[in-house]
$ cat model-v5.txt   # compact mmCIF, C-alpha atoms
# COMPACT_ATOMS: atom_id res chain seq x y z
CA MET K 207 9.70 -2.54 21.21
CA THR K 208 7.36 -5.46 20.54
CA VAL K 209 5.31 -4.18 17.59
CA THR K 210 6.08 -2.67 14.21
CA VAL K 211 3.24 -0.82 12.51
CA VAL K 212 3.33 -0.69 8.70
CA THR K 213 1.67 2.20 6.85
CA PRO K 214 1.64 2.68 3.07
CA THR K 215 1.12 6.28 1.98
CA LYS K 216 0.84 8.31 -1.19
CA GLY K 217 0.00 11.97 -0.74
CA ARG K 218 -2.08 12.75 2.34
CA PRO K 219 0.30 14.39 4.84
CA ARG K 220 -2.45 15.68 7.15
CA SER K 221 -4.11 12.33 7.72
CA LEU K 222 -0.71 10.61 7.81
CA ARG K 223 0.25 12.80 10.76
CA ARG K 224 -2.95 11.74 12.53
CA ALA K 225 -1.99 8.10 11.97
CA LEU K 226 1.57 8.72 13.17
CA ARG K 227 0.33 10.50 16.28
CA SER K 228 -2.00 7.62 17.11
CA VAL K 229 0.89 5.13 16.98
CA ALA K 230 3.11 7.41 19.08
CA ALA K 231 0.29 7.67 21.66
CA GLN K 232 -0.09 3.92 22.23
CA GLU K 233 -0.33 3.01 25.88
CA GLY K 234 1.46 0.12 27.56
CA LEU K 235 4.11 -0.34 24.89
CA SER K 236 6.24 1.54 22.41
CA ALA K 237 5.85 0.77 18.72
CA ALA K 238 8.15 1.14 15.75
CA HIS K 239 6.44 2.60 12.71
CA VAL K 240 7.49 1.90 9.11
CA VAL K 241 5.92 4.29 6.62
CA VAL K 242 6.28 3.13 3.01
CA GLY K 243 5.76 5.90 0.47
CA ASP K 244 4.41 5.00 -2.96
CA ASP K 245 6.46 7.60 -4.82
CA CYS K 246 5.09 9.95 -2.20
CA PRO K 247 5.56 13.70 -2.90
CA HIS K 248 6.05 14.74 0.73
CA LEU K 249 8.60 11.96 1.30
CA ARG K 250 10.53 12.94 -1.84
CA ASP K 251 10.95 16.43 -0.41
CA GLU K 252 13.99 16.31 1.91
CA ASP K 253 12.84 19.17 4.14
CA ARG K 254 9.37 17.75 4.67
CA ARG K 255 10.74 14.28 5.28
CA ARG K 256 13.28 15.59 7.79
CA ALA K 257 10.49 17.44 9.59
CA LEU K 258 8.50 14.20 9.87
CA GLU K 259 11.55 12.33 11.18
CA GLU K 260 12.13 14.96 13.84
CA GLU K 261 8.47 15.04 14.87
CA PHE K 262 8.10 11.24 14.94
CA PRO K 263 11.42 9.68 15.99
CA HIS K 264 9.73 6.28 16.42
CA ALA K 265 9.06 6.15 12.68
CA ARG K 266 11.13 5.12 9.69
CA PHE K 267 10.20 6.61 6.33
CA VAL K 268 10.93 4.70 3.13
CA ASN K 269 9.93 6.07 -0.26
CA VAL K 270 9.56 3.73 -3.24
CA ALA K 271 10.44 5.69 -6.37
CA PRO K 272 9.55 4.62 -9.93
CA GLY K 273 11.98 1.97 -11.10
CA ASP K 274 13.09 0.95 -7.60
CA HIS K 275 11.08 -2.26 -7.75
CA PRO K 276 10.38 -3.31 -11.36
CA ASP K 277 8.34 -6.31 -10.15
CA MET K 278 5.87 -4.16 -8.20
CA PRO K 279 2.32 -4.61 -9.60
CA ARG K 280 1.05 -1.59 -11.50
CA ASP K 281 -2.34 -2.55 -12.89
CA TYR K 282 -4.36 -3.47 -9.77
CA LEU K 283 -4.23 -1.28 -6.68
CA PRO K 284 -4.74 -3.97 -3.98
CA ALA K 285 -1.84 -5.95 -5.50
CA ARG K 286 0.32 -2.83 -5.37
CA LEU K 287 -0.70 -2.20 -1.75
CA SER K 288 0.13 -5.81 -0.89
CA TYR K 289 3.59 -5.33 -2.34
CA LEU K 290 4.16 -2.15 -0.31
CA ARG K 291 2.88 -3.76 2.87
CA ASN K 292 5.19 -6.74 2.35
CA LEU K 293 8.12 -4.35 1.93
CA GLY K 294 7.27 -2.79 5.27
CA ILE K 295 6.86 -6.17 6.95
CA GLY K 296 10.32 -7.12 5.66
CA LEU K 297 11.78 -4.19 7.61
CA ALA K 298 10.19 -5.26 10.90
CA ARG K 299 12.48 -6.57 13.63
CA THR K 300 9.80 -7.07 16.28
CA PRO K 301 7.83 -10.21 17.17
CA TYR K 302 4.53 -8.61 16.14
CA VAL K 303 3.45 -6.64 13.07
CA ALA K 304 0.37 -4.43 12.85
CA HIS K 305 -1.06 -2.35 10.02
CA LEU K 306 -2.50 1.14 9.79
CA ASP K 307 -3.56 2.99 6.65
CA ASP K 308 -2.53 6.62 6.35
CA ASP K 309 -6.12 7.85 6.74
CA ASN K 310 -7.09 5.93 9.88
CA ALA K 311 -6.06 5.96 13.55
CA TYR K 312 -5.70 3.75 16.60
CA ALA K 313 -7.28 4.23 19.99
CA PRO K 314 -4.56 4.45 22.67
CA GLY K 315 -5.03 0.87 23.89
CA HIS K 316 -5.28 -0.80 20.49
CA LEU K 317 -1.87 -2.46 20.18
CA ARG K 318 -1.57 -3.42 23.85
CA SER K 319 -4.95 -5.16 23.77
CA LEU K 320 -3.97 -7.24 20.73
CA VAL K 321 -0.48 -8.12 21.99
CA ASP K 322 -2.02 -9.26 25.28
CA LEU K 323 -4.54 -11.34 23.34
CA LEU K 324 -1.84 -13.19 21.37
CA GLU K 325 0.28 -13.70 24.49
CA ARG K 326 -2.73 -15.29 26.22
CA ASN K 327 -3.42 -17.46 23.15
CA PRO K 328 -0.11 -18.97 21.99
CA GLN K 329 -1.93 -21.18 19.48
CA ALA K 330 -3.18 -18.11 17.58
CA GLY K 331 -1.21 -16.50 14.77
CA VAL K 332 -3.32 -13.39 14.31
CA ALA K 333 -5.39 -11.10 16.50
CA HIS K 334 -7.78 -8.39 15.43
CA SER K 335 -10.09 -5.74 16.81
CA TRP K 336 -13.31 -4.15 15.64
CA ARG K 337 -13.55 -0.72 14.01
CA ARG K 338 -15.68 2.38 14.47
CA LEU K 339 -16.76 4.08 11.25
CA LEU K 340 -16.35 7.83 10.93
CA THR K 341 -16.97 10.37 8.19
CA GLU K 342 -14.04 12.45 6.95
CA ASP K 343 -15.00 15.23 9.39
CA GLY K 344 -15.05 12.83 12.35
CA ALA K 345 -18.80 12.25 12.76
CA GLU K 346 -19.99 8.69 13.32
CA PHE K 347 -20.99 6.87 10.13
CA VAL K 348 -23.78 4.30 10.44
CA PRO K 349 -24.35 1.96 7.47
CA ASP K 350 -27.99 2.43 6.55
CA GLY K 351 -29.01 -1.10 5.62
CA GLU K 352 -26.30 -1.44 2.97
CA ASP K 353 -22.79 -2.90 2.97
CA PRO K 354 -20.79 0.17 1.84
CA TRP K 355 -17.86 -1.93 0.59
CA HIS K 356 -19.75 -4.31 -1.68
CA PRO K 357 -18.64 -3.59 -5.27
CA ILE K 358 -22.08 -4.27 -6.80
CA PRO K 359 -24.59 -1.61 -5.69
CA ARG K 360 -27.69 -3.74 -6.20
CA GLN K 361 -26.26 -6.41 -3.88
CA ARG K 362 -25.29 -4.11 -1.01
CA ALA K 363 -28.56 -4.53 0.88
CA ALA K 364 -28.40 -8.33 0.66
CA SER K 365 -24.77 -8.29 1.77
CA TYR K 366 -25.72 -6.11 4.74
CA ARG K 367 -28.47 -8.55 5.76
CA THR K 368 -26.10 -11.51 5.58
CA LEU K 369 -23.42 -9.74 7.61
CA ALA K 370 -26.00 -8.48 10.10
CA ARG K 371 -27.18 -12.06 10.59
CA HIS K 372 -23.62 -12.95 11.61
CA GLY K 373 -23.34 -9.89 13.84
CA VAL K 374 -20.85 -7.92 11.75
CA PHE K 375 -23.32 -5.08 11.29
CA VAL K 376 -25.71 -4.03 14.07
CA PRO K 377 -28.54 -1.67 12.99
CA GLY K 378 -27.96 1.84 14.28
CA SER K 379 -24.34 1.20 15.26
CA PRO K 380 -21.16 2.70 13.69
CA VAL K 381 -19.11 -0.25 14.97
CA VAL K 382 -18.24 -2.98 12.47
CA ARG K 383 -17.72 -6.24 14.36
CA ASP K 384 -15.43 -7.86 11.83
CA MET K 385 -14.63 -11.55 11.95
CA MET K 386 -12.50 -14.16 10.25
CA ARG K 387 -13.98 -17.66 10.42
CA MET K 388 -15.92 -20.34 8.60
CA THR K 389 -19.70 -19.99 8.74
CA GLY K 390 -22.73 -21.73 7.29
CA ASP K 391 -22.49 -19.25 4.41
CA GLY K 392 -18.87 -20.23 3.76
CA MET K 393 -15.71 -18.30 4.51
CA LEU K 394 -16.23 -14.99 6.31
CA ASN K 395 -12.95 -13.11 5.83
CA ARG K 396 -14.11 -9.63 6.80
CA VAL K 397 -11.25 -8.24 8.89
CA ASP K 398 -9.91 -4.87 7.81
CA THR K 399 -6.14 -4.39 7.50
CA ASN K 400 -6.15 -1.71 10.21
CA GLU K 401 -7.51 -4.17 12.77
CA LEU K 402 -4.80 -6.79 12.30
CA LEU K 403 -1.87 -7.80 14.48
CA LEU K 404 0.15 -10.81 13.33
CA ARG K 405 3.07 -12.69 14.72
CA ARG K 406 5.99 -11.90 12.44
CA GLU K 407 6.56 -15.59 11.67
CA THR K 408 2.91 -15.87 10.59
CA HIS K 409 3.43 -13.01 8.14
CA GLU K 410 6.59 -14.67 6.84
CA LEU K 411 4.60 -17.84 6.12
CA VAL K 412 1.51 -16.01 4.83
CA PRO K 413 2.43 -12.67 3.22
CA PHE K 414 -0.02 -10.33 1.56
CA PRO K 415 -0.82 -11.80 -1.88
CA THR K 416 0.37 -9.86 -4.90
CA ASP K 417 -1.28 -12.09 -7.52
CA PHE K 418 -5.02 -11.61 -8.02
CA THR K 419 -7.15 -13.64 -10.42
CA VAL K 420 -9.37 -12.03 -13.03
CA TRP K 421 -12.40 -12.97 -10.93
CA GLN K 422 -10.90 -11.38 -7.81
CA ARG K 423 -10.31 -8.21 -9.80
CA ILE K 424 -13.89 -8.20 -11.09
CA LEU K 425 -15.11 -8.55 -7.49
CA GLU K 426 -12.65 -5.82 -6.44
CA THR K 427 -11.09 -8.12 -3.86
CA THR K 428 -8.91 -6.08 -1.52
CA GLU K 429 -5.57 -7.16 -0.13
CA ASP K 430 -6.94 -7.62 3.40
CA MET K 431 -9.73 -9.89 2.19
CA ALA K 432 -7.22 -11.92 0.17
CA LEU K 433 -4.84 -12.15 3.15
CA CYS K 434 -7.60 -13.28 5.50
CA GLU K 435 -8.65 -15.95 3.02
CA ARG K 436 -5.05 -17.16 2.86
CA LEU K 437 -4.82 -17.25 6.65
CA LEU K 438 -8.06 -19.22 6.94
CA ARG K 439 -7.01 -21.71 4.27
CA ALA K 440 -3.65 -22.14 6.00
CA GLY K 441 -5.43 -22.99 9.24
CA VAL K 442 -4.07 -19.99 11.15
CA VAL K 443 -6.02 -19.44 14.37
CA ALA K 444 -7.48 -15.93 14.76
CA VAL K 445 -8.62 -14.31 17.99
CA CYS K 446 -10.59 -11.08 18.42
CA SER K 447 -10.45 -8.46 21.17
CA GLU K 448 -14.10 -7.53 20.55
CA GLN K 449 -13.13 -3.90 21.12
CA ASP K 450 -13.62 -1.09 18.58
CA THR K 451 -10.10 0.31 18.88
CA VAL K 452 -9.69 1.50 15.29
CA ASP K 453 -11.10 4.78 14.01
CA TYR K 454 -11.88 4.02 10.38
CA TYR K 455 -12.51 7.09 8.24
CA MET K 456 -14.69 6.41 5.22
CA GLY K 457 -13.02 7.45 2.02
CA GLY K 458 -11.08 4.78 0.15
CA PHE K 459 -7.70 3.13 -0.27
CA SER K 460 -4.61 4.17 1.63
CA ASN K 461 -2.88 5.22 -1.59
CA ALA K 462 -5.92 5.76 -3.81
CA ALA K 463 -3.96 8.06 -6.10
CA ALA K 464 -1.23 5.49 -6.70
CA LEU K 465 -2.33 4.55 -10.19
CA VAL K 466 -3.27 8.06 -11.32
$ encode --input "model-v5.txt" --output "structure tokens"
Amino acid sequence: MTVTVVTPTKGRPRSLRRALRSVAAQEGLSAAHVVVGDDCPHLRDEDRRRALEEEFPHARFVNVAPGDHPDMPRDYLPARLSYLRNLGIGLARTPYVAHLDDDNAYAPGHLRSLVDLLERNPQAGVAHSWRRLLTEDGAEFVPDGEDPWHPIPRQRAASYRTLARHGVFVPGSPVVRDMMRMTGDGMLNRVDTNELLLRRETHELVPFPTDFTVWQRILETTEDMALCERLLRAGVVAVCSEQDTVDYYMGGFSNAAALV
């Protein structure tokens, strides 16, 4: 195995199975899969957990119960997700680490395309794809002139125009052409966690950040945005497959119920 996929989860067994199936169905390589439960009800249940282990022998299921990690952030969800992702990365024994939320899925060639990209570019520490937006029922979702992830509604149209100018959004298309680079507008760190493949040594040097400033919290900075900023500031070279090999289902954080 050359890749470990890390997935945090909370309480969505149906979509988690879709994510697990998409990792098991990867073509051209076999992947280990570390699923980190955030006090996850269906991982606490021994019978349900055993059923998952039997159905997905490539996966390892770890459940983080209350009190297991007293230093885990509790008051800001992206910080908590960062902590869980770092736990999963720490269990990886492969040269590459990828990420997949429990409500999204890979196309069959996703991991192979990114591994090949890093092997062709030894100077790069991270590779990423693009993503195709879908509604919860699987229909294509096309942003209608607004950046759906901008935390300030009145600024969503302006954010869309800026990102469209850089080619991230294309009018009429459900594909988000994410990128991580410096532009004339500053740092463009718009690569979603699900698109990422990192060399394990890169992750060891640049883990997901668990400390977020007050301003980052006001702006609702997510852990993938914070990680990409860290990677850019550290001078890590990023390469892109320019393929939409992630099915991204609109709906929120991987463990959105974690703080409820």
$ residues_around --input "model-v5.txt" --residues "Glu410 in chain K" --least-positions-apart "4" --cutoff "10 Å" --atoms "all atoms listed in the file" --output "JSON, numbers by chain"
{"K": [292, 295, 296, 404, 405, 406, 414]}
$ residues_around --input "model-v5.txt" --residues "Phe347 in chain K" --least-positions-apart "4" --cutoff "10 Å" --atoms "all atoms listed in the file" --output "PyMOL selection string"
chain K and resi 338-342+378-381+454-456
$ axis_aligned_box --input "model-v5.txt" --around "range 226-233 of chain K" --padding-each-side "6 Å" --output "AutoDock Vina command-line options"
--center_x 0.6 --center_y 6.8 --center_z 19.5 --size_x 17.1 --size_y 19.5 --size_z 24.7
$ closest_residue --input "model-v5.txt" --among "K:Ala440, K:Met278, K:Met385, K:Val268" --to "Trp336 in chain K" --atoms "only C-alpha atoms"
K:Met385
$ closest_residue --input "model-v5.txt" --among "K:Val443, K:Arg423, K:Asp309, K:His316" --to "Asp343 in chain K" --atoms "all atoms listed in the file"
K:Asp309
$ closest_residue --input "model-v5.txt" --among "K:Thr399, K:Leu394, K:Asp350, K:Thr300" --to "Leu369 in chain K" --atoms "only C-alpha atoms"
K:Leu394
$ closest_residue --input "model-v5.txt" --among "K:Thr416, K:Arg396, K:Asn310, K:Ala333" --to "Arg220 in chain K" --atoms "all atoms listed in the file"
K:Asn310
$ closest_residue --input "model-v5.txt" --among "K:Gly294, K:Pro214, K:Gly331, K:Pro247" --to "Glu407 in chain K" --atoms "only C-alpha atoms"
K:Gly331
$ atom_distance --input "model-v5.txt" --atom1 "CA of Arg224 in chain K" --atom2 "CA of Gln449 in chain K"
20.5 Å
$ atom_distance --input "model-v5.txt" --atom1 "CA of Ala265 in chain K" --atom2 "CA of Leu403 in chain K"
17.8 Å
$ closest_residue --input "model-v5.txt" --among "K:Asp251, K:Phe418, K:Pro349, K:Val212" --to "Asp281 in chain K" --atoms "only C-alpha atoms"
K:Phe418
$ atom_distance --input "model-v5.txt" --atom1 "CA of Ser447 in chain K" --atom2 "CA of Gln361 in chain K"
29.7 Å
$ residues_near_point --input "model-v5.txt" --point "(-11.2, -15.3, 1.5)" --cutoff "7 Å" --atoms "only C-alpha atoms" --output "list in words"
Met393, Leu394, Asn395, Met431, Ala432, Cys434, Glu435 and Arg436 of chain K
$ residues_around --input "model-v5.txt" --residues "range 320-322 of chain K" --least-positions-apart "2" --cutoff "12 Å" --atoms "all atoms listed in the file" --output "PyMOL selection string"
chain K and resi 207-210+232-237+300-304+312-318+324-328+330-336+401-405+444-452
$ residues_around --input "model-v5.txt" --residues "Leu290 in chain K" --least-positions-apart "2" --cutoff "12 Å" --atoms "only C-alpha atoms" --output "number ranges by chain"
K: 212-216, 240-245, 268-271, 274-275, 277-280, 283-288, 292-297, 305, 307, 413-416, 429, 460-461, 464
$ residues_near_point --input "model-v5.txt" --point "(-18.1, -8.3, -10.7)" --cutoff "7 Å" --atoms "all atoms listed in the file" --output "NGL selection string"
:K and (358 or 424-425)
$ decode --input "model-v5.txt" --residues "range 211-226 of chain K" --atoms "N, CA and C atoms" --output "mmCIF file, in the first residue's frame"
data_model
loop_
_atom_site.group_PDB
_atom_site.id
_atom_site.type_symbol
_atom_site.label_atom_id
_atom_site.label_comp_id
_atom_site.auth_asym_id
_atom_site.auth_seq_id
_atom_site.Cartn_x
_atom_site.Cartn_y
_atom_site.Cartn_z
ATOM 1 N N VAL K 211 -5.699 6.894 3.563
ATOM 2 C CA VAL K 211 -6.758 7.900 3.517
ATOM 3 C C VAL K 211 -7.281 8.099 4.935
ATOM 4 N N VAL K 212 -7.400 9.344 5.360
ATOM 5 C CA VAL K 212 -7.880 9.670 6.704
ATOM 6 C C VAL K 212 -9.271 10.287 6.601
ATOM 7 N N THR K 213 -10.206 9.741 7.374
ATOM 8 C CA THR K 213 -11.589 10.223 7.373
ATOM 9 C C THR K 213 -12.078 10.431 8.793
ATOM 10 N N PRO K 214 -12.368 11.666 9.185
ATOM 11 C CA PRO K 214 -13.059 11.880 10.467
ATOM 12 C C PRO K 214 -14.557 11.649 10.281
ATOM 13 N N THR K 215 -15.215 11.147 11.314
ATOM 14 C CA THR K 215 -16.654 10.897 11.193
ATOM 15 C C THR K 215 -17.328 11.104 12.536
ATOM 16 N N LYS K 216 -18.621 11.370 12.468
ATOM 17 C CA LYS K 216 -19.380 11.604 13.698
ATOM 18 C C LYS K 216 -20.608 10.707 13.785
ATOM 19 N N GLY K 217 -21.517 10.800 12.829
ATOM 20 C CA GLY K 217 -22.748 10.042 12.968
ATOM 21 C C GLY K 217 -23.528 9.915 11.687
ATOM 22 N N ARG K 218 -22.815 9.642 10.571
ATOM 23 C CA ARG K 218 -23.493 9.528 9.280
ATOM 24 C C ARG K 218 -23.088 8.207 8.624
ATOM 25 N N PRO K 219 -23.590 7.084 9.123
ATOM 26 C CA PRO K 219 -23.129 5.779 8.634
ATOM 27 C C PRO K 219 -23.399 5.548 7.158
ATOM 28 N N ARG K 220 -24.507 6.084 6.624
ATOM 29 C CA ARG K 220 -24.820 5.838 5.217
ATOM 30 C C ARG K 220 -23.801 6.499 4.309
ATOM 31 N N SER K 221 -23.529 7.776 4.552
ATOM 32 C CA SER K 221 -22.552 8.453 3.693
ATOM 33 C C SER K 221 -21.142 7.941 3.966
ATOM 34 N N LEU K 222 -20.853 7.539 5.208
ATOM 35 C CA LEU K 222 -19.538 6.971 5.503
ATOM 36 C C LEU K 222 -19.301 5.721 4.665
ATOM 37 N N ARG K 223 -20.321 4.887 4.524
ATOM 38 C CA ARG K 223 -20.167 3.687 3.697
ATOM 39 C C ARG K 223 -19.867 4.057 2.240
ATOM 40 N N ARG K 224 -20.491 5.113 1.758
ATOM 41 C CA ARG K 224 -20.196 5.566 0.388
ATOM 42 C C ARG K 224 -18.728 5.976 0.282
ATOM 43 N N ALA K 225 -18.231 6.700 1.284
ATOM 44 C CA ALA K 225 -16.828 7.099 1.277
ATOM 45 C C ALA K 225 -15.913 5.876 1.339
ATOM 46 N N LEU K 226 -16.235 4.936 2.218
ATOM 47 C CA LEU K 226 -15.437 3.718 2.339
ATOM 48 C C LEU K 226 -15.420 2.928 1.034
#
